[in-house]
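Structure data (PDB, C-alpha atoms and all ligand atoms) from data.pdb:
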```
ATOM      1  CA  MET A   1     -31.335  62.667 -47.311  1.00  0.00           C
ATOM      2  CA  GLY A   2     -31.118  62.250 -43.546  1.00  0.00           C
ATOM      3  CA  ASP A   3     -28.197  60.472 -41.920  1.00  0.00           C
ATOM      4  CA  TRP A   4     -28.492  57.334 -39.876  1.00  0.00           C
ATOM      5  CA  VAL A   5     -27.852  57.832 -36.161  1.00  0.00           C
ATOM      6  CA  ALA A   6     -26.299  54.997 -34.176  1.00  0.00           C
ATOM      7  CA  GLU A   7     -27.688  54.715 -30.645  1.00  0.00           C
ATOM      8  CA  LEU A   8     -24.656  53.961 -28.522  1.00  0.00           C
ATOM      9  CA  ASP A   9     -24.614  52.232 -25.123  1.00  0.00           C
ATOM     10  CA  CYS A  10     -23.221  55.441 -23.701  1.00  0.00           C
ATOM     11  CA  LEU A  11     -26.547  57.119 -24.624  1.00  0.00           C
ATOM     12  CA  HIS A  12     -24.908  59.396 -27.148  1.00  0.00           C
ATOM     13  CA  GLY A  13     -26.243  59.319 -30.686  1.00  0.00           C
ATOM     14  CA  GLN A  14     -23.632  59.255 -33.415  1.00  0.00           C
ATOM     15  CA  HIS A  15     -24.247  60.163 -37.034  1.00  0.00           C
ATOM     16  CA  VAL A  16     -22.881  57.453 -39.279  1.00  0.00           C
ATOM     17  CA  ARG A  17     -22.401  58.689 -42.816  1.00  0.00           C
ATOM     18  CA  HIS A  18     -21.305  57.098 -46.017  1.00  0.00           C
ATOM     19  CA  ARG A  19     -19.792  60.011 -47.958  1.00  0.00           C
ATOM     20  CA  PRO A  20     -17.026  58.725 -50.146  1.00  0.00           C
ATOM     21  CA  PRO A  21     -14.212  59.475 -50.399  1.00  0.00           C
ATOM     22  CA  PHE A  22     -14.104  61.158 -46.969  1.00  0.00           C
ATOM     23  CA  ARG A  23     -16.254  58.739 -44.990  1.00  0.00           C
ATOM     24  CA  GLU A  24     -16.198  55.166 -46.255  1.00  0.00           C
ATOM     25  CA  ARG A  25     -18.997  53.374 -44.465  1.00  0.00           C
ATOM     26  CA  PRO A  26     -20.870  51.506 -47.191  1.00  0.00           C
ATOM     27  CA  TRP A  27     -22.417  49.256 -44.516  1.00  0.00           C
ATOM     28  CA  VAL A  28     -24.608  52.100 -43.389  1.00  0.00           C
ATOM     29  CA  THR A  29     -26.517  52.138 -46.684  1.00  0.00           C
ATOM     30  CA  THR A  30     -28.148  48.714 -46.313  1.00  0.00           C
ATOM     31  CA  GLU A  31     -30.428  47.168 -43.719  1.00  0.00           C
ATOM     32  CA  ALA A  32     -28.232  44.068 -43.490  1.00  0.00           C
ATOM     33  CA  GLY A  33     -25.098  46.170 -43.173  1.00  0.00           C
ATOM     34  CA  ARG A  34     -26.539  48.203 -40.314  1.00  0.00           C
ATOM     35  CA  ALA A  35     -27.872  45.112 -38.539  1.00  0.00           C
ATOM     36  CA  GLY A  36     -24.433  43.529 -38.785  1.00  0.00           C
ATOM     37  CA  ARG A  37     -22.926  46.421 -36.853  1.00  0.00           C
ATOM     38  CA  LEU A  38     -25.283  46.234 -33.878  1.00  0.00           C
ATOM     39  CA  GLY A  39     -23.348  45.657 -30.689  1.00  0.00           C
ATOM     40  CA  SER A  40     -19.995  46.600 -32.157  1.00  0.00           C
ATOM     41  CA  GLY A  41     -18.096  49.544 -30.711  1.00  0.00           C
ATOM     42  CA  LEU A  42     -17.936  52.756 -32.684  1.00  0.00           C
ATOM     43  CA  GLY A  43     -15.749  54.723 -30.307  1.00  0.00           C
ATOM     44  CA  CYS A  44     -17.304  57.861 -28.955  1.00  0.00           C
ATOM     45  CA  PRO A  45     -15.499  61.220 -28.976  1.00  0.00           C
ATOM     46  CA  LEU A  46     -18.238  62.730 -26.801  1.00  0.00           C
ATOM     47  CA  CYS A  47     -17.486  60.154 -24.108  1.00  0.00           C
ATOM     48  CA  ASP A  48     -13.783  60.876 -24.434  1.00  0.00           C
ATOM     49  CA  ARG A  49     -14.667  64.473 -23.595  1.00  0.00           C
ATOM     50  CA  ALA A  50     -17.004  63.291 -20.788  1.00  0.00           C
ATOM     51  CA  GLU A  51     -19.935  65.215 -22.259  1.00  0.00           C
ATOM     52  CA  LEU A  52     -23.163  64.231 -20.577  1.00  0.00           C
ATOM     53  CA  PRO A  53     -25.779  63.251 -23.195  1.00  0.00           C
ATOM     54  CA  ASP A  54     -28.899  65.417 -23.404  1.00  0.00           C
ATOM     55  CA  GLY A  55     -32.152  64.392 -21.795  1.00  0.00           C
ATOM     56  CA  LEU A  56     -30.870  62.263 -18.894  1.00  0.00           C
ATOM     57  CA  VAL A  57     -32.467  62.354 -15.464  1.00  0.00           C
ATOM     58  CA  VAL A  58     -31.048  61.473 -12.059  1.00  0.00           C
ATOM     59  CA  VAL A  59     -32.258  57.983 -11.158  1.00  0.00           C
ATOM     60  CA  ARG A  60     -30.219  57.404  -7.976  1.00  0.00           C
ATOM     61  CA  VAL A  61     -27.962  59.332  -5.615  1.00  0.00           C
ATOM     62  CA  ALA A  62     -25.172  57.826  -3.509  1.00  0.00           C
ATOM     63  CA  GLY A  63     -24.015  59.797  -0.504  1.00  0.00           C
ATOM     64  CA  PRO A  64     -23.285  62.375   0.586  1.00  0.00           C
ATOM     65  CA  PHE A  65     -20.068  60.797   1.820  1.00  0.00           C
ATOM     66  CA  ASP A  66     -17.185  62.318   3.727  1.00  0.00           C
ATOM     67  CA  GLU A  67     -13.551  61.189   3.779  1.00  0.00           C
ATOM     68  CA  THR A  68     -14.361  58.516   6.368  1.00  0.00           C
ATOM     69  CA  THR A  69     -17.527  57.126   4.755  1.00  0.00           C
ATOM     70  CA  VAL A  70     -16.626  57.250   1.058  1.00  0.00           C
ATOM     71  CA  PRO A  71     -16.760  53.636  -0.217  1.00  0.00           C
ATOM     72  CA  ALA A  72     -13.240  52.239  -0.656  1.00  0.00           C
ATOM     73  CA  GLY A  73     -14.176  51.066  -4.143  1.00  0.00           C
ATOM     74  CA  LEU A  74     -14.453  54.666  -5.343  1.00  0.00           C
ATOM     75  CA  ARG A  75     -10.745  55.191  -4.638  1.00  0.00           C
ATOM     76  CA  ARG A  76      -9.811  52.274  -6.878  1.00  0.00           C
ATOM     77  CA  ALA A  77     -10.432  51.944 -10.594  1.00  0.00           C
ATOM     78  CA  HIS A  78     -14.121  51.214 -11.122  1.00  0.00           C
ATOM     79  CA  ARG A  79     -16.823  51.783 -13.729  1.00  0.00           C
ATOM     80  CA  VAL A  80     -20.391  52.954 -14.058  1.00  0.00           C
ATOM     81  CA  ALA A  81     -22.581  50.254 -15.667  1.00  0.00           C
ATOM     82  CA  GLY A  82     -23.528  50.500 -19.346  1.00  0.00           C
ATOM     83  CA  GLY A  83     -26.497  52.737 -20.088  1.00  0.00           C
ATOM     84  CA  THR A  84     -25.923  54.827 -16.958  1.00  0.00           C
ATOM     85  CA  TRP A  85     -23.847  57.951 -16.419  1.00  0.00           C
ATOM     86  CA  GLY A  86     -22.364  59.102 -13.153  1.00  0.00           C
ATOM     87  CA  ARG A  87     -21.903  62.636 -11.934  1.00  0.00           C
ATOM     88  CA  LEU A  88     -19.491  63.380  -9.122  1.00  0.00           C
ATOM     89  CA  VAL A  89     -20.560  66.446  -7.146  1.00  0.00           C
ATOM     90  CA  VAL A  90     -18.110  67.917  -4.643  1.00  0.00           C
ATOM     91  CA  LEU A  91     -19.811  69.725  -1.757  1.00  0.00           C
ATOM     92  CA  GLU A  92     -16.755  70.504   0.392  1.00  0.00           C
ATOM     93  CA  GLY A  93     -13.019  70.042   0.152  1.00  0.00           C
ATOM     94  CA  LEU A  94     -10.888  68.934  -2.781  1.00  0.00           C
ATOM     95  CA  VAL A  95     -11.219  65.689  -4.736  1.00  0.00           C
ATOM     96  CA  GLY A  96      -8.796  64.453  -7.372  1.00  0.00           C
ATOM     97  CA  PHE A  97     -10.477  62.679 -10.269  1.00  0.00           C
ATOM     98  CA  THR A  98      -8.966  60.507 -13.013  1.00  0.00           C
ATOM     99  CA  LEU A  99     -10.940  59.161 -15.981  1.00  0.00           C
ATOM    100  CA  GLU A 100      -9.290  56.675 -18.371  1.00  0.00           C
ATOM    101  CA  THR A 101     -10.592  58.224 -21.572  1.00  0.00           C
ATOM    102  CA  GLU A 102      -8.443  58.894 -24.661  1.00  0.00           C
ATOM    103  CA  PRO A 103      -6.683  61.084 -23.685  1.00  0.00           C
ATOM    104  CA  ARG A 104      -6.883  60.503 -19.936  1.00  0.00           C
ATOM    105  CA  LEU A 105      -8.770  63.179 -18.020  1.00  0.00           C
ATOM    106  CA  GLU A 106      -7.287  64.286 -14.693  1.00  0.00           C
ATOM    107  CA  ARG A 107      -8.641  67.160 -12.656  1.00  0.00           C
ATOM    108  CA  GLN A 108      -9.022  68.534  -9.182  1.00  0.00           C
ATOM    109  CA  LEU A 109     -12.586  69.327  -8.139  1.00  0.00           C
ATOM    110  CA  ALA A 110     -13.389  71.885  -5.463  1.00  0.00           C
ATOM    111  CA  ALA A 111     -16.645  72.665  -3.644  1.00  0.00           C
ATOM    112  CA  GLY A 112     -19.357  73.386  -6.211  1.00  0.00           C
ATOM    113  CA  ASP A 113     -17.621  71.519  -9.021  1.00  0.00           C
ATOM    114  CA  ASP A 114     -19.028  68.453 -10.724  1.00  0.00           C
ATOM    115  CA  GLN A 115     -17.738  65.936 -13.223  1.00  0.00           C
ATOM    116  CA  ALA A 116     -19.718  63.742 -15.616  1.00  0.00           C
ATOM    117  CA  ILE A 117     -18.577  60.107 -15.776  1.00  0.00           C
ATOM    118  CA  PRO A 118     -19.376  58.041 -18.892  1.00  0.00           C
ATOM    119  CA  PRO A 119     -20.500  54.414 -18.572  1.00  0.00           C
ATOM    120  CA  ALA A 120     -17.952  51.602 -18.767  1.00  0.00           C
ATOM    121  CA  VAL A 121     -14.860  53.808 -18.438  1.00  0.00           C
ATOM    122  CA  ASP A 122     -12.410  53.197 -15.572  1.00  0.00           C
ATOM    123  CA  HIS A 123     -12.073  56.074 -13.132  1.00  0.00           C
ATOM    124  CA  HIS A 124     -11.081  56.684  -9.538  1.00  0.00           C
ATOM    125  CA  LEU A 125     -11.054  59.362  -6.860  1.00  0.00           C
ATOM    126  CA  LEU A 126      -8.109  60.697  -4.901  1.00  0.00           C
ATOM    127  CA  ILE A 127      -9.050  61.941  -1.467  1.00  0.00           C
ATOM    128  CA  ASP A 128      -6.508  63.018   1.121  1.00  0.00           C
ATOM    129  CA  GLY A 129      -8.293  65.594   3.228  1.00  0.00           C
ATOM    130  CA  PRO A 130     -11.718  66.505   4.566  1.00  0.00           C
ATOM    131  CA  VAL A 131     -14.382  66.305   1.852  1.00  0.00           C
ATOM    132  CA  ARG A 132     -18.078  65.955   1.290  1.00  0.00           C
ATOM    133  CA  LEU A 133     -19.284  64.561  -2.016  1.00  0.00           C
ATOM    134  CA  ARG A 134     -22.129  62.712  -3.637  1.00  0.00           C
ATOM    135  CA  VAL A 135     -22.424  60.643  -6.771  1.00  0.00           C
ATOM    136  CA  GLU A 136     -25.519  60.928  -8.949  1.00  0.00           C
ATOM    137  CA  PHE A 137     -26.520  58.289 -11.494  1.00  0.00           C
ATOM    138  CA  LEU A 138     -28.339  59.417 -14.614  1.00  0.00           C
ATOM    139  CA  SER A 139     -30.188  57.563 -17.327  1.00  0.00           C
ATOM    140  CA  ARG A 140     -32.927  57.996 -19.901  1.00  0.00           C
ATOM    141  CA  PRO A 141     -36.297  58.641 -18.279  1.00  0.00           C
TER
HETATM  142 ZN    ZN A 201     -20.647  58.477 -25.890  1.00  0.00          ZN
END
```
Mind turning this structure into structure tokens?
Amino acid sequence: MGDWVAELDCLHGQHVRHRPPFRERPWVTTEAGRAGRLGSGLGCPLCDRAELPDGLVVVRVAGPFDETTVPAGLRRAHRVAGGTWGRLVVLEGLVGFTLETEPRLERQLAAGDDQAIPPAVDHHLLIDGPVRLRVEFLSRP
């Protein structure tokens, strides 16, 4: 029998199995049980690893910005809207990036590096030198 796949706001699909005694999710076996779970959070390990879902396309590009034109909001905690992923692409220089996943992701991106950003997760950039970067927004076509 096939497993049910929850379609999450983050655009990942998550298999939800009822396989006692390892996976106790009796709600998944009935229509009413599944309907009752719509809109509730499942928690997404793929988002915590910032893994871009398959099949997304770039719908908008912001930038390129340099250290003088990068919007101030990007340096403070902010979020990509639900149903949309971001992708930070560093063209020149070094950019620090923090993503408040579990566990928190912190990395330094250099020219040619990029970083996927899941929807609805706080993140911010740290810029203290000359840079050029752009931010792509991706969604389902
Ligand atoms: Zn996800």
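Neighbouring residues of ligand ZN 201 (chain A) at a cut-off of 6 Å, counting all atoms listed in the file, are Cys10, His12, Cys44, Leu46 and Cys47 of chain A.
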Run the PyMOL selection byres (((chain A and resi 17) around 7) and not hetatm) on the file and write out the hits as a list in words.
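After applying the PyMOL selection byres (((chain A and resi 17) around 7) and not hetatm), what remains is Asp3, Trp4, His15, Val16, His18, Arg19, Arg23, Arg25 and Val28 of chain A.
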Smallest atom-to-atom distance to Val5 of chain A: which of A:His123, A:Arg34, A:Arg49, A:Arg79, using only C-alpha atoms?
A:Arg34
Identify which of the residues A:Ala6, A:Val70, A:Val61, A:Gly13 lies closest to Ala35 of chain A, counting all atoms listed in the file when measuring atom-to-atom distances.
A:Ala6
Write out as a compact mmCIF listing (two decimals) with C-alpha atoms, in the coordinates of the input the residues lying within 10 Å of Glu136 of chain A, counting all atoms listed in the file and excluding same-chain residues fewer than 4 positions away.
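Ended up saving to part.txt:
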```
# COMPACT_ATOMS: atom_id res chain seq x y z
CA VAL A 57 -32.47 62.35 -15.46
CA VAL A 58 -31.05 61.47 -12.06
CA VAL A 59 -32.26 57.98 -11.16
CA ARG A 60 -30.22 57.40 -7.98
CA VAL A 61 -27.96 59.33 -5.62
CA ALA A 62 -25.17 57.83 -3.51
CA GLY A 63 -24.02 59.80 -0.50
CA PRO A 64 -23.28 62.38 0.59
CA TRP A 85 -23.85 57.95 -16.42
CA GLY A 86 -22.36 59.10 -13.15
CA ARG A 87 -21.90 62.64 -11.93
CA LEU A 88 -19.49 63.38 -9.12
CA VAL A 89 -20.56 66.45 -7.15
CA ALA A 116 -19.72 63.74 -15.62
CA ILE A 117 -18.58 60.11 -15.78
```
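You can rank A:Val90, A:Asp48, A:Phe97, A:Asp54 by their closest distance to Ala110 of chain A using all atoms listed in the file, and at the top of that list sits A:Val90.
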List every protein, DNA or RNA residue that has at least one atom no more than 7 Å from (-10.7, 56.9, -21.1) in the file's coordinates, counting all atoms listed in the file, and write the result as a list in words.
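Neighbouring residues, ordered by chain and number, come to Asp48, Leu99, Glu100, Thr101, Glu102, Pro103, Arg104, Val121 and Asp122 of chain A.
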Show me, as lines of an AutoDock Vina configuration file, the centre and edge lengths in Å to one decimal of the axis-aligned box that covers every listed atom of segment 65-71 of chain A with 6 Å on each side.
```
center_x = -16.8
center_y = 58.0
center_z = 3.1
size_x = 18.5
size_y = 20.7
size_z = 18.6
```
Identify which of the residues A:Thr69, A:Gln108, A:Gln14, A:Gln115 lies closest to Val135 of chain A, counting all atoms listed in the file when measuring atom-to-atom distances.
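The shortest atom-to-atom distance to Val135 of chain A comes from A:Gln115.
Every residue within 8 Å of the file position (-11.0, 68.5, -2.1), judged by all atoms listed in the file, is given as A:Val90, A:Glu92, A:Gly93, A:Leu94, A:Val95, A:Gly96, A:Gln108, A:Leu109, A:Ala110, A:Ala111, A:Ile127, A:Asp128, A:Gly129, A:Pro130, A:Val131.
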Shortest interatomic distance to His78 of chain A - which of A:Pro118, A:Pro141, A:Gly2, A:Gly112, counting all atoms listed in the file:
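Nearest to His78 of chain A: A:Pro118.
Distance check against Leu133 of chain A using only C-alpha atoms: of A:Leu74, A:Ala81, A:Leu52, A:Ala32, the minimum falls on A:Leu74.
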